[in-house]
file final_21.txt (compact mmCIF, C-alpha atoms)
# COMPACT_ATOMS: atom_id res chain seq x y z
CA MET A 285 61.61 101.08 132.03
CA SER A 286 62.73 100.80 135.64
CA SER A 287 61.65 103.80 137.71
CA ALA A 288 64.74 103.42 139.92
CA TRP A 289 67.00 104.83 137.22
CA LYS A 290 67.12 108.35 135.82
CA LYS A 291 65.96 109.16 132.33
CA TYR A 292 68.37 110.85 129.94
CA VAL A 293 68.42 111.96 126.34
CA LEU A 294 71.41 110.91 124.25
CA TRP A 295 71.66 113.61 121.58
CA PHE A 296 73.61 112.40 118.55
CA ALA A 297 75.26 114.23 115.71
CA GLN A 298 73.59 113.12 112.51
CA GLU A 299 76.81 111.73 110.99
CA HIS A 300 77.86 108.12 110.41
CA VAL A 301 74.50 106.96 111.73
CA ASP A 302 75.29 103.30 111.00
CA PHE A 303 78.12 103.36 113.56
CA ARG A 304 76.05 104.93 116.34
CA GLN A 305 74.64 101.82 117.95
CA ALA A 306 77.90 99.86 117.74
CA GLU A 307 79.84 102.66 119.43
CA ILE A 308 77.39 103.04 122.31
CA ALA A 309 77.24 99.25 122.85
CA SER A 310 81.05 99.13 122.89
CA LEU A 311 81.36 101.97 125.40
CA LEU A 312 78.75 100.37 127.67
CA ARG A 313 80.88 97.22 127.67
CA LEU A 314 84.11 99.15 128.16
CA TRP A 315 82.81 100.97 131.25
CA ASN A 316 80.66 98.04 132.44
CA LEU A 317 77.52 100.16 132.32
CA LYS A 318 73.87 99.20 131.92
CA MET A 319 71.44 101.15 129.76
CA ASN A 320 67.73 100.64 129.18
CA THR A 321 65.80 101.74 126.11
CA GLY A 322 62.05 101.86 125.62
CA PRO A 323 59.90 99.73 123.27
CA GLU A 324 59.64 102.61 120.76
CA HIS A 325 63.42 103.09 120.53
CA LYS A 326 64.59 103.99 117.00
CA PRO A 327 68.40 103.95 116.53
CA GLU A 328 68.22 106.22 113.48
CA ASN A 329 66.69 109.08 115.49
CA PRO A 330 69.14 111.68 116.83
CA PHE A 331 67.46 111.70 120.27
CA TRP A 332 67.53 108.49 122.28
CA ILE A 333 65.47 108.38 125.47
CA VAL A 334 67.29 105.97 127.76
CA GLU A 335 67.76 105.10 131.41
CA LEU A 336 71.18 105.20 133.08
CA ASN A 337 72.23 104.70 136.64
CA GLY A 338 72.92 108.36 137.46
CA ASP A 339 74.98 111.27 136.17
CA GLU A 340 78.32 109.51 136.68
CA ALA A 341 77.27 106.74 134.30
CA ALA A 342 76.20 109.37 131.75
CA LYS A 343 79.54 111.15 132.06
CA LYS A 344 81.49 107.92 131.59
CA LEU A 345 79.47 107.03 128.50
CA ALA A 346 80.05 110.47 126.94
CA SER A 347 83.72 110.70 127.93
CA ARG A 348 84.85 108.85 124.78
CA SER A 349 81.91 109.07 122.40
CA MET A 350 82.42 110.53 118.92
CA SER A 351 78.73 110.15 118.04
CA LEU A 352 77.24 112.07 120.95
CA ARG A 353 76.73 115.82 120.93
CA CYS A 354 75.69 115.75 124.56
CA ILE A 355 73.58 114.02 127.20
CA PHE A 356 70.92 115.82 129.19
CA GLU A 357 68.70 114.68 132.02
CA LEU A 358 65.17 114.32 130.68
CA TRP A 359 62.46 116.06 132.67
CA THR A 360 59.59 115.50 130.26
CA HIS A 361 58.71 114.92 126.62
CA SER A 362 55.49 114.81 124.63
CA ASN A 363 54.26 114.71 121.04
CA HIS A 364 51.88 117.61 121.78
CA VAL A 365 53.09 121.06 122.82
CA SER A 366 50.07 121.67 125.06
CA THR A 367 50.45 118.44 127.04
CA PHE A 368 54.23 119.02 127.16
CA HIS A 369 53.80 122.14 129.30
CA GLU A 370 51.35 120.42 131.63
CA GLN A 371 53.74 117.50 132.07
CA LEU A 372 56.72 119.79 132.73
CA LYS A 373 54.80 121.75 135.36
CA SER A 374 53.77 118.48 137.00
CA TYR A 375 57.37 117.20 136.99
CA ILE A 376 58.65 120.38 138.66
CA GLN A 377 55.91 120.28 141.27
CA SER A 378 56.46 116.60 142.05
CA ASN A 379 60.23 117.01 142.37
CA ARG A 380 60.34 120.45 143.96
CA THR A 381 62.53 119.31 146.87
CA SER A 382 65.18 117.55 144.76
CA LEU A 383 65.19 120.41 142.23
CA SER A 384 65.59 123.18 144.80
CA SER A 385 69.35 123.37 144.24
CA VAL A 386 68.84 123.66 140.47
CA PHE A 387 66.63 126.72 140.87
CA ASP A 388 68.64 128.30 143.70
CA LYS A 389 68.94 132.09 143.52
CA ASP A 390 72.76 131.86 143.51
CA ARG A 391 72.86 129.63 140.42
CA SER A 392 72.82 131.22 136.99
CA PHE A 393 70.91 129.56 134.17
CA LYS A 394 70.30 129.55 130.44
CA VAL A 395 67.56 128.09 128.22
CA THR A 396 68.51 127.02 124.69
CA VAL A 397 65.89 126.26 122.04
CA GLU A 398 66.89 123.75 119.37
CA THR A 399 64.92 122.27 116.49
CA TYR A 400 65.61 119.32 114.24
CA ASN A 401 64.45 119.30 110.61
CA LYS A 402 62.76 122.70 110.95
CA HIS A 403 64.27 126.18 111.12
CA PHE A 404 63.20 128.66 113.79
CA THR A 405 64.07 132.34 113.58
CA GLN A 406 65.54 134.02 116.64
CA PRO A 407 62.20 135.73 117.50
CA GLU A 408 60.49 132.33 117.26
CA LYS A 409 63.07 130.84 119.64
CA VAL A 410 62.56 133.70 122.07
CA ALA A 411 58.81 133.10 121.91
CA LYS A 412 59.37 129.46 122.86
CA ILE A 413 61.46 130.54 125.86
CA GLU A 414 58.67 132.92 126.87
CA THR A 415 56.30 129.94 127.18
CA LEU A 416 58.56 128.59 129.96
CA GLN A 417 57.99 131.54 132.30
CA TYR A 418 56.65 129.13 134.93
CA LEU A 419 60.15 127.70 135.55
CA PRO A 420 60.86 128.66 139.19
CA ALA A 421 64.43 129.77 138.42
CA GLU A 422 65.48 132.59 140.76
CA GLY A 423 69.13 132.98 139.71
CA PRO A 424 70.53 135.36 137.09
CA VAL A 425 70.55 134.61 133.37
CA ASN A 426 74.03 133.80 132.04
CA LEU A 427 74.22 133.10 128.30
CA LYS A 428 77.94 132.22 128.23
CA THR A 429 78.82 130.14 131.29
CA PRO A 430 75.62 129.23 133.13
CA ASP A 431 75.63 127.01 136.20
CA VAL A 432 72.53 125.26 134.86
CA HIS A 433 71.82 124.82 131.15
CA PHE A 434 68.28 123.86 130.11
CA TRP A 435 67.43 122.52 126.66
CA TYR A 436 64.08 122.82 124.90
CA ILE A 437 64.08 120.68 121.74
CA GLU A 438 61.50 120.05 119.05
CA PHE A 439 61.99 117.03 116.80
CA TRP A 440 60.28 117.40 113.41
CA GLY A 441 61.22 114.05 111.89
CA LEU A 442 64.10 113.02 109.64
CA ASP A 443 62.79 113.76 106.14
CA PRO A 444 63.33 117.40 105.08
CA MET A 445 60.93 116.81 102.19
CA ASP A 446 58.12 115.66 104.46
CA VAL A 447 58.03 117.92 107.53
CA PRO A 448 54.94 117.26 109.68
CA GLU A 449 52.56 120.02 110.73
CA GLN A 450 53.36 119.46 114.40
CA PRO A 451 56.61 118.25 116.05
CA LEU A 452 56.87 114.51 116.56
CA ASP A 453 58.42 115.05 119.98
CA VAL A 454 59.08 117.98 122.33
CA LEU A 455 61.80 117.39 124.93
CA PHE A 456 63.03 119.38 127.92
CA GLY A 457 65.86 118.68 130.30
CA LYS A 458 69.05 119.76 132.05
CA TRP A 459 72.43 119.43 130.38
CA VAL A 460 74.79 116.91 132.00
CA VAL A 461 77.80 116.40 129.74
CA ASP A 462 79.12 116.88 126.20
CA GLY A 463 80.51 114.09 124.04
CA ARG A 464 84.14 114.11 122.88
CA ARG A 465 83.63 115.33 119.34
CA ASP A 466 86.36 117.89 119.98
CA MET A 467 88.84 115.05 119.45
CA ILE A 468 87.83 114.90 115.78
CA ASN A 469 89.26 118.36 115.16
CA GLU A 470 92.18 117.69 117.45
CA ILE A 471 93.54 114.97 115.13
CA SER A 472 92.28 116.53 111.89
CA LEU A 473 94.03 115.41 108.71
CA LYS A 474 94.36 119.05 107.66
CA LYS A 475 96.90 119.68 110.41
CA ARG A 476 98.47 116.21 110.63
CA LYS A 477 102.13 116.03 109.77
CA PHE A 478 102.09 112.79 107.77
CA ILE A 479 99.15 111.68 105.64
CA GLY A 480 98.72 109.45 102.60
CA ASN A 481 96.18 108.98 99.82
CA THR A 482 94.13 106.58 101.96
CA SER A 483 94.48 108.14 105.42
CA MET A 484 91.39 107.32 107.45
CA ASP A 485 88.93 110.06 108.39
CA PRO A 486 89.59 111.04 112.05
CA GLN A 487 86.01 110.49 113.19
CA LEU A 488 85.88 107.02 111.67
CA SER A 489 89.29 106.20 113.17
CA LEU A 490 88.09 107.16 116.65
CA LEU A 491 84.82 105.26 116.18
CA MET A 492 86.80 102.15 115.25
CA ALA A 493 89.08 102.58 118.28
CA ASN A 494 85.99 102.75 120.50
CA GLN A 495 84.53 99.64 118.88
CA GLY A 496 87.89 97.93 119.45
CA LEU A 497 87.68 98.83 123.18
CA ALA A 498 91.15 100.39 122.98
CA LYS A 499 92.21 101.59 126.42
CA ALA A 500 95.28 102.42 128.48
CA GLY A 501 97.76 99.54 128.61
CA ASP A 502 96.27 97.59 125.67
CA VAL A 503 98.35 96.51 122.68
CA VAL A 504 96.51 97.40 119.46
CA TYR A 505 97.72 96.10 116.09
CA ASP A 506 97.00 97.29 112.54
CA PRO A 507 98.30 94.79 109.96
CA PHE A 508 97.61 97.18 107.04
CA VAL A 509 98.88 100.29 108.76
CA GLY A 510 99.42 102.63 105.78
CA SER A 511 99.97 106.14 107.15
CA GLY A 512 98.90 105.08 110.66
CA SER A 513 95.58 106.88 111.18
CA LEU A 514 94.15 104.01 113.23
CA LEU A 515 97.26 103.92 115.41
CA VAL A 516 96.79 107.61 116.20
CA ALA A 517 93.17 107.03 117.30
CA ALA A 518 94.02 104.03 119.51
CA ALA A 519 96.99 105.83 121.06
CA LYS A 520 94.79 108.82 121.93
CA PHE A 521 92.85 106.44 124.19
CA GLY A 522 96.04 105.26 125.87
CA ALA A 523 96.74 102.03 123.98
CA TYR A 524 100.20 100.92 122.87
CA VAL A 525 100.18 100.66 119.08
CA LEU A 526 101.94 98.44 116.60
CA GLY A 527 101.59 98.19 112.83
CA THR A 528 102.85 96.40 109.75
CA ASP A 529 102.49 96.99 106.03
CA ILE A 530 103.96 95.45 102.91
CA ASP A 531 104.64 98.89 101.39
CA TYR A 532 108.09 100.06 102.51
CA ILE A 533 107.69 103.44 100.81
CA THR A 534 104.50 104.34 102.70
CA VAL A 535 105.68 103.04 106.08
CA HIS A 536 108.85 105.11 105.91
CA GLY A 537 107.23 108.24 104.52
CA LYS A 538 109.03 108.07 101.17
CA SER A 539 105.94 108.25 98.96
CA LYS A 540 104.90 111.23 96.87
CA PRO A 541 103.33 113.99 99.03
CA THR A 542 99.53 113.90 99.17
CA ARG A 543 99.02 117.62 99.75
CA VAL A 544 98.65 119.63 96.55
CA ASN A 545 101.06 122.41 97.50
CA GLN A 546 103.75 120.11 98.86
CA LYS A 547 106.51 119.09 96.44
CA VAL A 548 108.68 116.88 98.65
CA ARG A 549 108.13 115.27 102.03
CA GLU A 550 109.98 116.51 105.09
CA ALA A 551 112.70 114.30 106.52
CA ASP A 552 110.70 113.40 109.63
CA GLU A 553 107.35 112.73 107.95
CA ASN A 554 106.34 109.32 109.27
CA ILE A 555 103.91 107.55 111.57
CA TYR A 556 106.00 108.18 114.68
CA ALA A 557 105.96 111.93 113.91
CA ASN A 558 102.13 111.84 113.94
CA LEU A 559 102.00 110.25 117.38
CA LYS A 560 104.60 112.73 118.64
CA GLN A 561 102.49 115.58 117.26
CA TYR A 562 99.59 114.48 119.48
CA GLY A 563 101.70 113.71 122.55
CA CYS A 564 101.36 109.94 122.13
CA GLU A 565 104.93 109.01 121.19
CA GLY A 566 105.23 107.00 124.41
CA ASN A 567 102.51 104.66 123.09
CA PHE A 568 104.35 103.91 119.84
CA LEU A 569 105.86 100.41 119.82
CA ASP A 570 106.95 100.07 116.20
CA VAL A 571 105.93 99.85 112.57
CA LEU A 572 107.39 97.01 110.51
CA VAL A 573 107.53 96.16 106.84
CA SER A 574 105.87 92.77 106.60
CA ASP A 575 103.70 90.64 104.34
CA PHE A 576 100.51 89.89 106.28
CA SER A 577 99.98 86.60 104.45
CA ARG A 578 103.16 85.29 106.12
CA SER A 579 102.97 85.94 109.83
CA ILE A 580 106.09 87.16 111.61
CA TRP A 581 104.69 86.79 115.14
CA LYS A 582 105.55 84.14 117.73
CA SER A 583 102.76 81.66 118.26
CA ASP A 584 102.17 82.74 121.89
CA PHE A 585 102.00 86.51 121.14
CA GLN A 586 98.63 88.15 121.79
CA PHE A 587 96.98 91.46 120.92
CA ASP A 588 94.17 93.13 122.86
CA SER A 589 92.61 94.48 119.65
CA ILE A 590 93.20 94.32 115.91
CA ILE A 591 91.88 97.46 114.22
CA THR A 592 92.50 97.78 110.51
CA ASP A 593 91.34 98.99 107.12
CA PRO A 594 92.41 96.33 104.61
CA PRO A 595 93.13 97.38 101.02
CA TYR A 596 90.36 96.59 98.55
CA GLY A 597 92.36 96.98 95.34
CA ILE A 598 90.66 100.28 94.39
CA ARG A 599 92.69 103.17 95.79
CA GLU A 600 95.32 100.84 97.24
CA ALA A 601 96.60 97.64 95.66
CA THR A 602 96.14 94.30 97.43
CA GLU A 603 99.53 92.62 97.29
CA ARG A 604 101.54 89.90 98.95
CA ILE A 605 105.00 88.46 98.40
CA GLU A 606 105.01 86.09 95.45
CA PHE A 607 105.98 82.53 96.30
CA LYS A 608 108.05 80.79 93.61
CA THR A 609 108.62 77.05 93.48
CA GLN A 610 111.64 77.38 91.23
CA ARG A 611 114.48 79.80 91.77
CA ARG A 612 115.58 81.65 88.68
CA ALA A 613 119.20 82.41 87.94
CA THR A 614 120.06 85.97 88.80
CA CYS A 615 122.89 88.36 88.22
CA LEU A 616 122.64 89.83 91.74
CA ASN A 617 125.77 89.47 93.75
CA GLU A 618 125.96 88.94 97.50
CA GLY A 619 125.99 92.66 98.40
CA SER A 620 123.02 93.66 96.26
CA VAL A 621 119.64 94.66 97.68
CA HIS A 622 116.83 92.34 96.63
CA TYR A 623 113.24 93.58 96.31
CA PRO A 624 110.95 90.54 96.18
CA SER A 625 108.27 90.48 93.53
CA THR A 626 104.65 90.66 94.57
CA SER A 627 101.45 89.09 93.31
CA PRO A 628 97.79 90.08 93.78
CA TYR A 629 96.30 89.26 97.20
CA GLN A 630 92.85 87.92 96.40
CA PHE A 631 90.10 89.64 98.37
CA ASP A 632 88.53 86.46 99.75
CA GLN A 633 91.91 85.06 100.74
CA LEU A 634 92.87 88.30 102.50
CA TYR A 635 89.79 88.19 104.71
CA ARG A 636 90.17 84.48 105.33
CA ASP A 637 93.73 85.14 106.52
CA LEU A 638 92.55 88.06 108.65
CA MET A 639 89.90 85.93 110.39
CA ASN A 640 92.35 83.09 111.02
CA PHE A 641 95.04 85.48 112.25
CA SER A 642 92.61 87.15 114.65
CA ALA A 643 91.41 83.82 116.04
CA ARG A 644 95.01 82.87 116.73
CA TYR A 645 96.52 86.11 118.04
CA LEU A 646 93.67 87.98 119.76
CA LYS A 647 93.35 87.53 123.51
CA LEU A 648 90.14 85.95 124.78
CA GLY A 649 87.47 88.66 124.51
CA GLY A 650 89.64 90.79 122.21
CA ARG A 651 88.10 92.45 119.20
CA LEU A 652 88.76 92.60 115.47
CA VAL A 653 87.42 95.82 113.94
CA CYS A 654 87.77 96.13 110.18
CA TRP A 655 86.06 97.41 107.07
CA PHE A 656 84.29 95.09 104.67
CA PRO A 657 83.05 96.61 101.39
CA ILE A 658 79.50 95.81 100.29
CA LEU A 659 77.42 96.75 97.26
CA ARG A 660 74.07 98.37 98.06
call {"tool": "encode", "arguments": {"input": "final_21.txt", "output": "structure tokens"}}
result
Amino acid sequence: MSSAWKKYVLWFAQEHVDFRQAEIASLLRLWNLKMNTGPEHKPENPFWIVELNGDEAAKKLASRSMSLRCIFELWTHSNHVSTFHEQLKSYIQSNRTSLSSVFDKDRSFKVTVETYNKHFTQPEKVAKIETLQYLPAEGPVNLKTPDVHFWYIEFWGLDPMDVPEQPLDVLFGKWVVDGRRDMINEISLKKRKFIGNTSMDPQLSLLMANQGLAKAGDVVYDPFVGSGSLLVAAAKFGAYVLGTDIDYITVHGKSKPTRVNQKVREADENIYANLKQYGCEGNFLDVLVSDFSRSIWKSDFQFDSIITDPPYGIREATERIEFKTQRRATCLNEGSVHYPSTSPYQFDQLYRDLMNFSARYLKLGGRLVCWFPILR
């Protein structure tokens, strides 16, 4: 690793681990940031030791991340507790001048002990803090709103059935910034006005919006919009959102209520109401009833991102308008409403159409983010 950059620890929530690396790579591209990892980097571990070009880069990276709990500046780490303390003392001594403001008598501080894959009682945590008496902090202790927040972390592996006798890593550093996991609760389905049977989990929606590089001023399209969960996530990041779906009943909020205690839907239950609920109604372009297999868009129209969750035919049917070579005689008169018949939309054909559509309508460098079911 380059010694010119500062070392940080990216501390991840242990949820949706498979999306972790893709989200971080996307945010690095979005903010035009560089990040270095060491030769022993393991993406599945909740603690990544990385190098970033200063605190501002760390704050930008965390400002949209759903995977990150927080980022702290790494002072030292070791796989042996005894050598850990020697290394920490050496770090403080070597950087005494630059750390003088951190330990200033007017700055309050707090030390938090955290373990992963091993439980410590409160007395055990206090005992760990006692081993750090050599920290030259002169300010008062403040457990609620400290000016400086130190973290002492012991990592005891990932397997709860095979906990090692000693921690695999002991880390110490100074908190820099939290991730944006508060947004997950902010757009929770429990409080959302309009939801359907297949509404996307908020955290996954936000992860997909990050992978799609959705940002202020972009136009993001969901061709299988359903109840609009992905539009909500993209709009929260400032993008203008547009969706289509073949199901008129779902798009217009006329379907049977999903909530157990709700008998009928309210008059204003729809996708627009969701964006209005979160203060994003200004980012709503429209939602149209349309068959994706027959494009309605002008040939020169372009989207910045296509973010979607196609139906797989399990909880939601895969359908498209049926094309008939011969027209059958009908008793409908000129004023009657005609509902076209539908036929199954074969899975392979759906994804072939989605790839071709994206190649045609995405801007250069734009992203398609979608789900693809696999059997493991």
call {"tool": "closest_residue", "arguments": {"input": "final_21.txt", "among": "A:Phe303, A:Phe656, A:Phe585, A:Trp289", "to": "Lys318 of chain A", "atoms": "only C-alpha atoms"}}
result
A:Trp289
call {"tool": "closest_atom_pairs", "arguments": {"input": "final_21.txt", "of": "segment 422-491 of chain A", "to": "segment 497-502 of chain A", "cutoff": "12 Å", "atoms": "all atoms listed in the file", "output": "JSON lines"}}
result
{"residue": "A:Ser489", "atom": "CA", "partner": "A:Ala498", "partner_atom": "CA", "distance": 11.6}
{"residue": "A:Leu490", "atom": "CA", "partner": "A:Ala498", "partner_atom": "CA", "distance": 9.8}
{"residue": "A:Leu491", "atom": "CA", "partner": "A:Leu497", "partner_atom": "CA", "distance": 9.9}
call {"tool": "atom_distance", "arguments": {"input": "final_21.txt", "atom1": "atom CA of Phe508 of chain A", "atom2": "atom CA of Asp529 of chain A"}}
result
5.0 Å
call {"tool": "closest_residue", "arguments": {"input": "final_21.txt", "among": "A:Ile355, A:Leu526, A:Leu383, A:Val535", "to": "Trp459 of chain A", "atoms": "all atoms listed in the file"}}
result
A:Ile355
call {"tool": "atom_distance", "arguments": {"input": "final_21.txt", "atom1": "atom CA of Phe641 of chain A", "atom2": "atom CA of Ala523 of chain A"}}
result
20.4 Å
call {"tool": "atom_distance", "arguments": {"input": "final_21.txt", "atom1": "atom CA of Leu515 of chain A", "atom2": "atom CA of Val461 of chain A"}}
result
27.2 Å
call {"tool": "residues_around", "arguments": {"input": "final_21.txt", "residues": "segment 397-407 of chain A", "least_positions_apart": "4", "cutoff": "12 Å", "atoms": "all atoms listed in the file", "output": "PyMOL selection string"}}
result
chain A and resi 295-298+329-331+411-416+433-457
